[in-house]
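S.K.: Below is the file work_3.tsv, which contains TSV, C-alpha atoms.
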chain	number	residue	atom	x	y	z
A	1137	MET	CA	28.92	20.26	16.53
A	1138	LYS	CA	25.28	19.60	17.14
A	1139	SER	CA	24.14	16.17	18.27
A	1140	VAL	CA	20.55	15.02	18.50
A	1141	VAL	CA	20.00	12.45	21.24
A	1142	LEU	CA	17.01	10.12	21.04
A	1143	ASP	CA	16.67	8.50	24.44
A	1144	ALA	CA	14.15	5.66	24.63
A	1145	THR	CA	15.01	4.57	28.17
A	1146	GLU	CA	12.58	4.86	31.06
A	1147	ASN	CA	14.90	6.53	33.56
A	1148	ASN	CA	17.32	9.47	33.38
A	1149	ALA	CA	20.54	7.49	33.87
A	1150	TYR	CA	21.93	8.25	30.44
A	1151	GLU	CA	20.74	11.85	30.15
A	1152	LYS	CA	23.25	13.16	32.68
A	1153	ILE	CA	26.16	11.18	31.25
A	1154	LEU	CA	25.45	12.09	27.64
A	1155	SER	CA	24.69	15.74	28.28
A	1156	GLU	CA	27.88	16.19	30.32
A	1157	THR	CA	30.02	14.26	27.86
A	1158	LEU	CA	28.78	16.23	24.86
A	1159	LYS	CA	29.23	19.51	26.78
A	1160	LEU	CA	32.84	18.60	27.57
A	1161	GLN	CA	33.43	18.11	23.84
A	1162	GLY	CA	32.06	21.61	23.27
A	1163	ASP	CA	28.98	20.23	21.53
A	1164	GLU	CA	25.43	21.44	21.45
A	1165	ALA	CA	23.15	18.61	22.54
A	1166	VAL	CA	19.47	18.51	21.67
A	1167	TYR	CA	18.11	15.87	24.02
A	1168	TYR	CA	14.81	14.11	23.42
A	1169	LYS	CA	13.29	11.84	26.02
A	1170	LEU	CA	11.06	9.89	23.68
A	1171	LYS	CA	8.59	8.63	26.29
A	1172	ASP	CA	7.51	12.22	26.87
A	1173	LEU	CA	6.86	12.97	23.21
A	1174	LYS	CA	4.08	12.35	20.75
A	1175	ILE	CA	5.52	10.32	17.90
A	1176	ILE	CA	3.12	8.66	15.48
A	1177	PRO	CA	4.47	5.56	13.72
A	1178	CYS	CA	5.04	5.69	9.96
A	1179	ARG	CA	1.89	4.49	8.15
A	1180	ALA	CA	3.69	3.98	4.83
A	1181	CYS	CA	1.25	6.50	3.32
A	1182	GLY	CA	3.79	7.50	0.66
A	1183	ALA	CA	3.12	11.24	1.02
A	1184	CYS	CA	6.84	11.93	1.66
A	1185	GLY	CA	7.57	10.46	-1.78
A	1186	ASP	CA	4.97	12.00	-4.06
A	1187	ILE	CA	2.82	14.63	-2.39
A	1188	THR	CA	5.23	16.54	-0.14
A	1189	PRO	CA	8.64	15.15	-1.19
A	1190	GLY	CA	10.99	14.76	1.77
A	1191	LYS	CA	8.38	15.94	4.27
A	1192	CYS	CA	6.43	13.60	6.52
A	1193	ALA	CA	2.68	14.27	6.56
A	1194	LEU	CA	2.28	13.25	10.23
A	1195	LYS	CA	1.93	16.22	12.57
A	1196	ASP	CA	3.71	15.42	15.80
A	1197	ASP	CA	6.94	16.01	17.75
A	1198	MET	CA	8.95	14.19	15.12
A	1199	GLN	CA	8.78	17.28	12.90
A	1200	GLU	CA	11.00	19.20	15.36
A	1201	ILE	CA	13.33	16.22	15.76
A	1202	LEU	CA	13.75	15.95	11.98
A	1203	ARG	CA	14.50	19.68	11.74
A	1204	ASN	CA	17.25	19.30	14.34
A	1205	ILE	CA	18.66	16.20	12.69
A	1206	ALA	CA	18.68	17.99	9.32
A	1207	SER	CA	20.67	20.92	10.72
A	1208	GLY	CA	22.79	18.77	13.05
A	1209	ASP	CA	25.95	16.76	12.71
A	1210	GLY	CA	25.17	13.56	14.54
A	1211	ILE	CA	22.52	11.28	16.00
A	1212	ILE	CA	22.88	9.35	19.26
A	1213	MET	CA	20.27	6.70	20.05
A	1214	VAL	CA	19.84	5.13	23.48
A	1215	THR	CA	17.50	2.19	23.87
A	1216	PRO	CA	16.77	-0.95	25.81
A	1217	ILE	CA	17.52	-3.84	23.45
A	1218	SER	CA	14.29	-5.40	22.30
A	1219	PHE	CA	14.64	-8.78	20.56
A	1220	GLY	CA	18.08	-7.82	19.29
A	1221	GLY	CA	17.01	-4.42	17.99
A	1222	TYR	CA	15.62	-1.08	19.03
A	1223	SER	CA	12.68	-0.82	21.40
A	1224	ALA	CA	9.31	0.03	19.81
A	1225	LEU	CA	9.61	3.52	21.32
A	1226	LEU	CA	12.89	4.29	19.55
A	1227	LYS	CA	11.85	2.50	16.37
A	1228	LYS	CA	8.81	4.77	16.02
A	1229	ALA	CA	11.26	7.64	15.59
A	1230	VAL	CA	13.78	5.73	13.46
A	1231	ASP	CA	11.10	4.52	11.02
A	1232	ARG	CA	10.47	8.19	10.28
A	1233	PHE	CA	14.10	8.68	9.14
A	1234	MET	CA	12.96	7.70	5.64
A	1235	VAL	CA	12.59	11.37	4.75
A	1236	LEU	CA	16.31	11.96	5.38
A	1237	GLY	CA	17.12	10.04	2.20
A	1238	LEU	CA	16.66	11.20	-1.39
A	1239	PRO	CA	14.51	9.11	-3.74
A	1240	PHE	CA	17.56	8.39	-5.93
A	1241	LEU	CA	19.76	5.33	-5.76
A	1242	SER	CA	23.51	5.02	-5.67
A	1243	VAL	CA	25.92	2.14	-5.17
A	1244	LYS	CA	28.16	1.82	-2.14
A	1245	GLY	CA	30.32	-1.27	-2.09
A	1246	LYS	CA	27.95	-4.03	-3.12
A	1247	ARG	CA	24.83	-2.32	-1.83
A	1248	LEU	CA	22.22	0.01	-3.24
A	1249	ILE	CA	21.62	3.03	-1.04
A	1250	HIS	CA	19.72	6.31	-1.09
A	1251	PRO	CA	21.96	9.41	-1.02
A	1252	MET	CA	21.28	11.58	2.01
A	1253	ARG	CA	19.21	14.75	1.68
A	1254	TYR	CA	20.98	16.64	4.48
A	1255	GLY	CA	24.51	15.32	4.19
A	1256	ILE	CA	26.32	12.78	6.32
A	1257	LYS	CA	25.61	12.54	10.06
A	1258	THR	CA	27.56	10.52	12.59
A	1259	LEU	CA	25.59	7.74	14.25
A	1260	ILE	CA	26.01	6.19	17.68
A	1261	GLY	CA	23.70	3.42	18.88
A	1262	ILE	CA	23.72	2.62	22.59
A	1263	GLY	CA	21.87	-0.53	23.59
A	1264	ILE	CA	21.05	-1.58	27.11
A	1265	ALA	CA	20.88	-5.32	27.44
A	1266	GLY	CA	18.68	-6.81	30.11
A	1267	GLU	CA	18.29	-10.52	30.61
A	1268	CYS	CA	18.33	-11.51	27.00
A	1269	PRO	CA	18.94	-14.66	24.97
A	1270	MET	CA	22.18	-15.21	23.12
A	1271	GLY	CA	22.54	-13.17	19.97
A	1272	GLN	CA	20.75	-9.99	21.06
A	1273	GLU	CA	23.91	-7.93	21.37
A	1274	GLU	CA	25.25	-9.04	17.99
A	1275	ASN	CA	21.97	-8.31	16.22
A	1276	PHE	CA	21.68	-4.90	17.89
A	1277	LYS	CA	25.13	-4.00	16.57
A	1278	LEU	CA	24.14	-5.30	13.13
A	1279	VAL	CA	21.03	-3.09	13.08
A	1280	VAL	CA	23.12	-0.01	13.94
A	1281	GLU	CA	25.66	-1.00	11.29
A	1282	ARG	CA	22.95	-1.41	8.64
A	1283	ASN	CA	21.49	2.01	9.54
A	1284	ALA	CA	24.96	3.49	9.26
A	1285	ILE	CA	25.59	1.90	5.87
A	1286	ASN	CA	22.32	3.26	4.53
A	1287	MET	CA	22.96	6.71	6.00
A	1288	GLN	CA	26.64	6.53	4.95
A	1289	SER	CA	27.45	7.45	8.53
A	1290	PRO	CA	30.61	6.96	10.55
A	1291	TYR	CA	29.21	4.94	13.43
A	1292	ARG	CA	29.72	3.08	16.67
A	1293	ALA	CA	27.44	0.61	18.40
A	1294	ILE	CA	27.87	0.06	22.13
A	1295	VAL	CA	26.04	-2.31	24.44
A	1296	PHE	CA	25.87	-1.83	28.19
A	1297	SER	CA	24.36	-4.03	30.83
A	1298	ASP	CA	22.30	-2.85	33.79
A	1299	THR	CA	25.26	-3.58	36.04
A	1300	ASP	CA	27.88	-1.45	34.23
A	1301	ASP	CA	29.13	1.40	36.35
A	1302	ASN	CA	28.74	5.02	35.29
A	1303	ALA	CA	32.48	5.66	34.97
A	1304	SER	CA	32.88	2.84	32.47
A	1305	ILE	CA	29.77	3.92	30.55
A	1306	ARG	CA	31.04	7.50	30.38
A	1307	LEU	CA	34.47	6.38	29.11
A	1308	GLN	CA	33.02	4.22	26.36
A	1309	ILE	CA	30.62	6.93	25.22
A	1310	GLU	CA	33.42	9.52	25.14
A	1311	LYS	CA	35.53	7.13	23.09
A	1312	ALA	CA	32.69	6.47	20.63
A	1313	ILE	CA	32.01	10.19	20.16
A	1314	ARG	CA	35.70	10.84	19.47
A	1315	GLU	CA	36.05	7.91	17.09
A	1316	VAL	CA	33.07	8.70	14.85
A	1317	ARG	CA	34.53	12.15	14.26
A	1318	VAL	CA	37.94	10.99	13.01
B	1113	MET	CA	-7.07	-30.94	9.72
B	1114	LYS	CA	-3.29	-30.97	9.85
B	1115	LYS	CA	-2.40	-27.73	11.64
B	1116	GLN	CA	-3.98	-24.39	12.53
B	1117	ILE	CA	-1.80	-21.49	11.37
B	1118	LEU	CA	-2.01	-17.89	12.55
B	1119	ILE	CA	-0.52	-15.42	10.08
B	1120	LEU	CA	0.46	-11.99	11.42
B	1121	ASN	CA	0.51	-9.17	8.86
B	1122	GLY	CA	3.26	-6.81	10.07
B	1123	SER	CA	2.51	-4.09	7.53
B	1124	PRO	CA	0.29	-1.12	8.35
B	1125	ARG	CA	-1.22	-1.60	4.90
B	1126	LYS	CA	-3.73	-4.35	4.21
B	1127	ASN	CA	-3.51	-4.57	0.44
B	1128	LYS	CA	0.16	-4.52	-0.50
B	1129	THR	CA	2.97	-7.04	-0.93
B	1130	THR	CA	3.08	-8.26	2.67
B	1131	TYR	CA	-0.63	-8.98	2.57
B	1132	SER	CA	-0.29	-10.63	-0.85
B	1133	PHE	CA	2.23	-13.05	0.72
B	1134	ALA	CA	-0.10	-13.64	3.69
B	1135	ARG	CA	-3.15	-14.45	1.55
B	1136	THR	CA	-1.06	-16.84	-0.59
B	1137	ILE	CA	0.17	-18.68	2.50
B	1138	LYS	CA	-3.38	-18.87	3.84
B	1139	ALA	CA	-4.64	-20.34	0.54
B	1140	LEU	CA	-1.75	-22.82	0.39
B	1141	ALA	CA	-2.35	-23.91	3.98
B	1142	GLU	CA	-6.04	-24.50	3.26
B	1143	ASP	CA	-5.12	-26.54	0.16
B	1144	MET	CA	-3.12	-28.76	2.52
B	1145	ASP	CA	-6.11	-29.27	4.81
B	1146	SER	CA	-4.67	-26.93	7.39
B	1147	GLY	CA	-6.60	-24.00	8.81
B	1148	ALA	CA	-5.25	-20.47	8.55
B	1149	GLU	CA	-6.25	-17.04	9.78
B	1150	ILE	CA	-4.69	-13.66	9.02
B	1151	ILE	CA	-4.64	-10.88	11.59
B	1152	HIS	CA	-3.33	-7.35	11.05
B	1153	ILE	CA	-1.00	-6.15	13.81
B	1154	ILE	CA	-1.96	-2.55	13.04
B	1155	ASP	CA	-5.52	-3.25	14.27
B	1156	TYR	CA	-4.13	-4.15	17.70
B	1157	PHE	CA	-1.79	-1.16	17.73
B	1158	ASP	CA	-4.63	1.18	16.80
B	1159	GLY	CA	-6.85	-0.31	19.50
B	1160	LYS	CA	-9.46	-1.59	17.03
B	1161	LYS	CA	-8.85	-5.01	18.55
B	1162	SER	CA	-7.52	-5.88	21.98
B	1163	LEU	CA	-4.76	-8.31	22.84
B	1164	GLY	CA	-7.29	-10.10	25.03
B	1165	ASP	CA	-9.26	-10.96	21.87
B	1166	LEU	CA	-6.14	-12.65	20.58
B	1167	ARG	CA	-5.83	-15.10	23.47
B	1168	ASP	CA	-8.30	-17.67	22.10
B	1169	ILE	CA	-6.86	-17.39	18.59
B	1170	LEU	CA	-3.35	-18.03	19.93
B	1171	ILE	CA	-4.46	-20.97	22.04
B	1172	SER	CA	-6.10	-22.64	19.04
B	1173	SER	CA	-3.08	-22.04	16.74
B	1174	GLU	CA	-0.24	-24.51	16.46
B	1175	ILE	CA	1.94	-22.47	14.11
B	1176	VAL	CA	2.33	-18.69	14.20
B	1177	GLY	CA	4.02	-16.84	11.33
B	1178	LEU	CA	4.93	-13.19	10.91
B	1179	ILE	CA	5.08	-11.64	7.46
B	1180	SER	CA	6.58	-8.20	7.61
B	1181	PRO	CA	8.07	-5.45	5.48
B	1182	LEU	CA	11.54	-4.20	6.37
B	1183	TYR	CA	11.44	-0.67	7.79
B	1184	VAL	CA	14.79	1.12	8.12
B	1185	ASP	CA	16.78	-2.12	8.36
B	1186	SER	CA	14.65	-3.97	10.90
B	1187	LEU	CA	11.11	-4.75	12.07
B	1188	PRO	CA	8.56	-1.92	11.86
B	1189	SER	CA	7.78	-0.25	15.20
B	1190	TYR	CA	4.29	-1.81	15.26
B	1191	VAL	CA	5.73	-5.31	15.15
B	1192	ILE	CA	8.25	-4.62	17.91
B	1193	TRP	CA	5.41	-3.16	19.99
B	1194	PHE	CA	3.36	-6.31	19.34
B	1195	PHE	CA	6.26	-8.61	20.26
B	1196	GLU	CA	6.90	-6.58	23.43
B	1197	ALA	CA	3.22	-6.84	24.38
B	1198	LEU	CA	2.99	-10.57	23.60
B	1199	SER	CA	6.13	-11.37	25.56
B	1200	LYS	CA	4.72	-9.55	28.59
B	1201	GLU	CA	1.12	-10.76	28.42
B	1202	MET	CA	0.91	-13.95	26.38
B	1203	GLU	CA	4.07	-15.94	27.05
B	1204	SER	CA	2.22	-18.94	28.41
B	1205	GLU	CA	-0.14	-18.98	25.39
B	1206	LEU	CA	2.85	-18.90	23.03
B	1207	GLU	CA	5.18	-21.35	24.77
B	1208	GLY	CA	5.84	-24.50	22.80
B	1209	LYS	CA	4.16	-23.32	19.60
B	1210	ASP	CA	5.98	-23.16	16.26
B	1211	PHE	CA	7.02	-19.80	14.86
B	1212	PHE	CA	8.31	-18.67	11.46
B	1213	ALA	CA	8.85	-15.33	9.74
B	1214	ILE	CA	9.02	-13.88	6.26
B	1215	GLY	CA	10.69	-10.53	5.68
B	1216	GLN	CA	10.30	-8.56	2.49
B	1217	CYS	CA	12.27	-5.47	1.53
B	1218	ALA	CA	12.26	-2.99	-1.34
B	1219	PHE	CA	15.83	-3.61	-2.55
B	1220	PRO	CA	16.61	-6.89	-4.36
B	1221	ASP	CA	19.33	-7.92	-1.87
B	1222	VAL	CA	17.79	-10.56	0.40
B	1223	THR	CA	20.55	-10.18	3.00
B	1224	MET	CA	18.98	-6.86	3.99
B	1225	ASN	CA	16.30	-8.79	5.90
B	1226	GLU	CA	18.85	-10.59	8.10
B	1227	PRO	CA	18.44	-8.35	11.19
B	1228	LEU	CA	14.63	-8.58	10.90
B	1229	LEU	CA	14.67	-12.37	10.77
B	1230	GLU	CA	17.16	-12.61	13.62
B	1231	SER	CA	14.88	-10.41	15.76
B	1232	CYS	CA	12.06	-12.84	15.03
B	1233	ARG	CA	14.23	-15.78	16.09
B	1234	LEU	CA	15.13	-13.92	19.28
B	1235	PHE	CA	11.44	-13.25	19.96
B	1236	ALA	CA	10.73	-16.97	19.56
B	1237	ASP	CA	13.57	-17.75	21.96
B	1238	THR	CA	12.31	-15.21	24.49
B	1239	VAL	CA	8.77	-16.61	24.62
B	1240	LYS	CA	9.97	-20.22	24.33
B	1241	MET	CA	8.48	-20.86	20.91
B	1242	HIS	CA	10.02	-23.30	18.48
B	1243	TRP	CA	11.76	-21.42	15.65
B	1244	LEU	CA	11.04	-22.99	12.27
B	1245	GLY	CA	13.17	-20.52	10.32
B	1246	GLY	CA	12.77	-17.44	8.21
B	1247	LEU	CA	12.47	-16.51	4.56
B	1248	SER	CA	13.67	-13.34	2.90
B	1249	TYR	CA	12.29	-11.71	-0.22
B	1250	GLY	CA	13.99	-8.79	-1.95
B	1251	GLY	CA	12.24	-6.47	-4.39
B	1252	GLY	CA	8.85	-6.54	-2.69
B	1253	VAL	CA	8.09	-2.99	-3.78
B	1254	MET	CA	8.12	-4.10	-7.42
B	1255	LEU	CA	5.30	-6.58	-6.75
B	1256	ASP	CA	3.17	-3.67	-5.48
B	1257	GLY	CA	0.69	-5.95	-3.77
B	1258	ALA	CA	-0.16	-7.96	-6.86
B	1259	ALA	CA	-1.71	-11.40	-6.41
B	1260	LEU	CA	1.19	-13.84	-6.85
B	1261	GLU	CA	-0.80	-16.07	-9.19
B	1262	SER	CA	-1.02	-13.14	-11.63
B	1263	LEU	CA	2.75	-12.67	-11.87
B	1264	GLY	CA	3.65	-15.52	-14.22
B	1265	LYS	CA	6.93	-17.36	-13.64
B	1266	LYS	CA	8.05	-14.97	-10.89
B	1267	GLY	CA	4.84	-15.57	-8.95
B	1268	GLU	CA	5.03	-19.32	-9.50
B	1269	LYS	CA	8.50	-19.45	-7.93
B	1270	ILE	CA	7.39	-17.51	-4.87
B	1271	ILE	CA	4.30	-19.72	-4.47
B	1272	LEU	CA	6.43	-22.85	-4.80
B	1273	ALA	CA	8.87	-21.52	-2.17
B	1274	PHE	CA	6.00	-20.90	0.26
B	1275	LYS	CA	4.41	-24.27	-0.53
B	1276	MET	CA	7.63	-26.15	0.22
B	1277	ALA	CA	8.08	-24.18	3.42
B	1278	LEU	CA	4.51	-24.95	4.54
B	1279	GLU	CA	4.73	-28.64	3.67
B	1280	ASN	CA	7.72	-28.91	5.97
B	1281	MET	CA	6.30	-26.76	8.73
B	1282	VAL	CA	3.02	-28.65	9.04
B	1283	GLU	CA	5.18	-31.75	9.57
B	1284	GLY	CA	7.01	-29.92	12.35
B	1285	LYS	CA	10.16	-29.51	10.24
B	1286	LYS	CA	12.19	-26.37	9.61
B	1287	ILE	CA	11.82	-24.33	6.42
B	1288	PRO	CA	14.08	-25.96	3.80
B	1289	LEU	CA	16.95	-24.06	2.19
B	1290	ARG	CA	15.38	-24.69	-1.22
B	1291	SER	CA	12.54	-22.30	-0.33
B	1292	GLN	CA	15.03	-19.47	0.15
B	1293	GLU	CA	16.85	-20.38	-3.05
B	1294	LEU	CA	13.58	-20.05	-4.96
B	1295	LEU	CA	12.96	-16.62	-3.44
B	1296	THR	CA	16.45	-15.27	-4.07
B	1297	PHE	CA	16.43	-13.10	-7.14
B	1298	LYS	CA	20.06	-12.59	-8.12
B	1299	ILE	CA	20.99	-9.36	-9.86
B	1300	PRO	CA	24.73	-9.23	-10.62
B	1301	THR	CA	26.13	-6.27	-8.68
B	1302	ILE	CA	27.87	-5.13	-11.87
B	1303	LEU	CA	24.41	-4.16	-13.14
B	1304	TYR	CA	23.68	-1.96	-10.13
B	1305	ARG	CA	25.29	1.18	-11.57
B	1306	PRO	CA	23.52	1.11	-14.97
B	1307	MET	CA	20.30	0.24	-13.10
B	1308	THR	CA	20.64	3.30	-10.83
B	1309	ILE	CA	21.23	5.57	-13.86
B	1310	VAL	CA	17.99	4.39	-15.47
B	1311	LEU	CA	15.95	4.51	-12.24
B	1312	ASN	CA	17.28	7.94	-11.22
B	1313	HIS	CA	16.50	9.30	-14.67
B	1314	THR	CA	12.94	7.94	-14.36
B	1315	VAL	CA	12.50	9.49	-10.90
B	1316	LYS	CA	13.72	12.91	-12.14
B	1317	ARG	CA	11.57	12.75	-15.27
B	1318	ASP	CA	8.44	11.84	-13.28
B	1319	ALA	CA	9.09	14.63	-10.75
B	1320	LYS	CA	9.51	17.14	-13.58
B	1321	LYS	CA	6.21	16.04	-15.12
B	1322	LYS	CA	4.46	16.50	-11.77
B	1323	GLY	CA	6.24	19.81	-11.17
B	1324	ILE	CA	7.60	18.78	-7.76
B	1325	ASP	CA	11.03	19.38	-6.21
B	1326	ILE	CA	12.18	16.02	-4.92
B	1327	GLU	CA	15.58	17.26	-3.73
B	1328	GLY	CA	14.30	20.05	-1.49
B	1329	LYS	CA	15.72	20.38	2.01
B	1330	VAL	CA	12.31	20.92	3.57
B	1331	TYR	CA	13.48	20.54	7.17
B	1332	LEU	CA	16.00	23.35	6.74
B	1333	GLU	CA	13.47	25.82	5.37
What is this file in structure tokens?
M.R.:
Amino acid sequence: MKSVVLDATENNAYEKILSETLKLQGDEAVYYKLKDLKIIPCRACGACGDITPGKCALKDDMQEILRNIASGDGIIMVTPISFGGYSALLKKAVDRFMVLGLPFLSVKGKRLIHPMRYGIKTLIGIGIAGECPMGQEENFKLVVERNAINMQSPYRAIVFSDTDDNASIRLQIEKAIREVRV
Amino acid sequence: MKKQILILNGSPRKNKTTYSFARTIKALAEDMDSGAEIIHIIDYFDGKKSLGDLRDILISSEIVGLISPLYVDSLPSYVIWFFEALSKEMESELEGKDFFAIGQCAFPDVTMNEPLLESCRLFADTVKMHWLGGLSYGGGVMLDGAALESLGKKGEKIILAFKMALENMVEGKKIPLRSQELLTFKIPTILYRPMTIVLNHTVKRDAKKKGIDIEGKVYLE
């Protein structure tokens, strides 16, 4: 399986753990350290709807990321939790996921959704909680869940604190990767 | 003057539904003898304006409100960037002021804005602002930026919802539940399937007319 990792953290703490864990599972990991990339935020220009359907008009590193997501099996996002959601750095990339959906509508449960253009991908959201007010962790998990519903993805949302040890982080990530594939 | 209100437009566009909501709230506030100013977050992100320029505006505002579209289930990246910057650089200017938010999404289901509004509440908590509550509007894409006063009954209900919210907020009270009730446009879920058949047919027909392939897997080519 091929997993695309979008890492919006400042340091390399998660890169080693995720790369090793995915390798142990026999996966191909395409790892993106977002702070080193040029990603332009979505301007809601509408080109991906009418002019070049399914293709974003912005020319930046997101084009390669979208190609790998399209041909991959899963997405793993790692981010500091920002006001109960993704950091601005990760959200710049996630806002560009719009092109992964088709312009049609279908009904899932009691919700309207867009069918996916490139099939179903697994989704894992990893949030790193700093000193944050009550409710941040719950809202972060809700954001991942809502993304998963819209992408019809098997998903897991995990939150770590700065003080969690690497062994525990590794175990939880391994578990999440296994579970989304069942 | 009752209160000075700063309205933050969270959309990168300055002429669509989010802005239509912002201009209505500004007009309503002025009708109530309050002052109101709209700023576009995108101008700060793009560097056309600096956060330093915002300091005086923040100091003179008593209520700050964000109006934002929903992007992929939460706040757009620009707004998160703005919140991150404000919490680092302007916490003392924001502390103690009132804050509210309005989220608008394309789909009719107002619950889709829940994570966006909760993020706004958490921002208020982080910078020690006083959270006055949030409002959610579903189906914003169908308004397509139209002036609310031109939308007949639908527009009147939205304006009334905002008016009630403002009347409470300038008195230092939370947004009343009635405002959200007025904004909630209930489509029975049983109608979703027939609705998708009609809309999907329209999308396919329009694409055929334009001669474009809307189902292409462009990132696999």
S.K.: Would you mind reading off the distance between atom CA of A:Pro1290 and atom CA of A:Ala1149, one decimal, in Å?
M.R.: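 Distance between the two atoms: 25.4 Å.
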S.K.: Set the distance at 12 Å and use all atoms listed in the file: which residues neighbour A:Asn1147 once local chain neighbours fewer than 4 positions away are removed? I'd like the list as a list in words.
M.R.: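 Near A:Asn1147, the qualifying residues are Asp1143, Glu1151, Lys1152, Lys1169, Leu1170, Lys1171, Asp1172, Val1214, Thr1215, Pro1216 and Asp1298 of chain A.
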S.K.: Which is closest to A:Ala1165 among A:Ile1294, A:Val1140, A:Ile1201, A:Val1235, if we use all atoms listed in the file?
M.R.: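 Closest candidate: A:Val1140.
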S.K.: Do you have, as CSV, the list of residues of chain B lying at most 8 Å from chain A, each with its nearest atom pair and that distance in Å to one decimal, counting only C-alpha atoms and ordered by chain then number?
M.R.:
residue,atom,partner,partner_atom,distance
B:Pro1124,CA,A:Arg1179,CA,5.8
B:Arg1125,CA,A:Ala1180,CA,7.4
B:Tyr1183,CA,A:Asp1231,CA,6.1
B:Val1184,CA,A:Asp1231,CA,5.8
B:Asp1185,CA,A:Arg1282,CA,6.2
B:Ser1186,CA,A:Val1279,CA,6.8
B:Pro1188,CA,A:Asp1231,CA,7.0
B:Ser1189,CA,A:Ala1224,CA,4.9
B:Tyr1190,CA,A:Ala1224,CA,7.0
B:Val1191,CA,A:Ala1224,CA,7.9
B:Ile1192,CA,A:Ala1224,CA,5.1
B:Trp1193,CA,A:Ala1224,CA,5.0
B:Glu1196,CA,A:Ser1218,CA,7.6
B:Phe1219,CA,A:Leu1248,CA,7.4
B:Asp1221,CA,A:Arg1247,CA,7.8
B:Pro1227,CA,A:Asn1275,CA,6.1
B:Glu1230,CA,A:Asn1275,CA,7.0
B:Ser1231,CA,A:Phe1219,CA,5.1
B:Cys1232,CA,A:Phe1219,CA,7.3
B:Leu1234,CA,A:Phe1219,CA,5.3
B:Phe1235,CA,A:Phe1219,CA,5.5
B:Asp1237,CA,A:Pro1269,CA,6.9
B:Thr1238,CA,A:Pro1269,CA,6.7
B:Thr1301,CA,A:Lys1246,CA,6.3
B:Tyr1304,CA,A:Val1243,CA,6.8
B:Arg1305,CA,A:Val1243,CA,6.5
B:Thr1308,CA,A:Leu1241,CA,5.5
B:Leu1311,CA,A:Leu1241,CA,7.6
B:Asn1312,CA,A:Phe1240,CA,5.3
B:Val1315,CA,A:Phe1240,CA,7.2
B:Ile1324,CA,A:Pro1189,CA,7.6
B:Asp1325,CA,A:Pro1189,CA,7.0
B:Ile1326,CA,A:Pro1189,CA,5.2
B:Glu1327,CA,A:Leu1238,CA,6.6
B:Gly1328,CA,A:Gly1190,CA,7.0
B:Lys1329,CA,A:Arg1253,CA,6.6
B:Val1330,CA,A:Lys1191,CA,6.4
B:Tyr1331,CA,A:Arg1203,CA,4.8
B:Leu1332,CA,A:Arg1203,CA,6.4
S.K.: Using all atoms listed in the file, find the one residue out of A:Lys1257, A:Pro1251, A:Ile1217, A:Gly1210 that sits nearest to A:Phe1296.
M.R.: A:Ile1217
S.K.: Could you check how far atom CA of B:Glu1279 sits from atom CA of B:Ala1134, in Å to one decimal?
M.R.: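 Separating atom CA of B:Glu1279 from atom CA of B:Ala1134 is a distance of 15.8 Å.
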S.K.: Determine, counting all atoms listed in the file, every residue of protein, DNA or RNA that lies within 9 Å of (14.7, -3.4, -4.7) in the file coordinates, then give the result as a ChimeraX atom specification.
M.R.: /A:1248 /B:1217-1221,1250-1254
S.K.: So that I have them on file, write out the residues from the current selection with C-alpha atoms, as a PDB file, in the frame of the given file.
M.R.:
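Result written to selection.pdb:
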ATOM      1  CA  LEU A1248      22.220   0.010  -3.240  1.00  0.00           C
TER       2      LEU A1248
ATOM      3  CA  CYS B1217      12.270  -5.470   1.530  1.00  0.00           C
ATOM      4  CA  ALA B1218      12.260  -2.990  -1.340  1.00  0.00           C
ATOM      5  CA  PHE B1219      15.830  -3.610  -2.550  1.00  0.00           C
ATOM      6  CA  PRO B1220      16.610  -6.890  -4.360  1.00  0.00           C
ATOM      7  CA  ASP B1221      19.330  -7.920  -1.870  1.00  0.00           C
ATOM      8  CA  GLY B1250      13.990  -8.790  -1.950  1.00  0.00           C
ATOM      9  CA  GLY B1251      12.240  -6.470  -4.390  1.00  0.00           C
ATOM     10  CA  GLY B1252       8.850  -6.540  -2.690  1.00  0.00           C
ATOM     11  CA  VAL B1253       8.090  -2.990  -3.780  1.00  0.00           C
ATOM     12  CA  MET B1254       8.120  -4.100  -7.420  1.00  0.00           C
TER      13      MET B1254
END
S.K.: Find the spatial neighbours of A:Ile1211, counting all atoms listed in the file, within a cut-off of 10 Å - ignore same-chain residues fewer than 3 positions away - and output them as a PDB file with C-alpha atoms, in the frame of the given file.
M.R.:
ATOM      1  CA  LYS A1138      25.280  19.600  17.140  1.00  0.00           C
ATOM      2  CA  SER A1139      24.140  16.170  18.270  1.00  0.00           C
ATOM      3  CA  VAL A1140      20.550  15.020  18.500  1.00  0.00           C
ATOM      4  CA  VAL A1141      20.000  12.450  21.240  1.00  0.00           C
ATOM      5  CA  LEU A1142      17.010  10.120  21.040  1.00  0.00           C
ATOM      6  CA  ALA A1165      23.150  18.610  22.540  1.00  0.00           C
ATOM      7  CA  VAL A1166      19.470  18.510  21.670  1.00  0.00           C
ATOM      8  CA  ASN A1204      17.250  19.300  14.340  1.00  0.00           C
ATOM      9  CA  ILE A1205      18.660  16.200  12.690  1.00  0.00           C
ATOM     10  CA  GLY A1208      22.790  18.770  13.050  1.00  0.00           C
ATOM     11  CA  LYS A1257      25.610  12.540  10.060  1.00  0.00           C
ATOM     12  CA  THR A1258      27.560  10.520  12.590  1.00  0.00           C
ATOM     13  CA  LEU A1259      25.590   7.740  14.250  1.00  0.00           C
ATOM     14  CA  ILE A1260      26.010   6.190  17.680  1.00  0.00           C
ATOM     15  CA  GLY A1261      23.700   3.420  18.880  1.00  0.00           C
ATOM     16  CA  SER A1289      27.450   7.450   8.530  1.00  0.00           C
ATOM     17  CA  TYR A1291      29.210   4.940  13.430  1.00  0.00           C
TER      18      TYR A1291
END
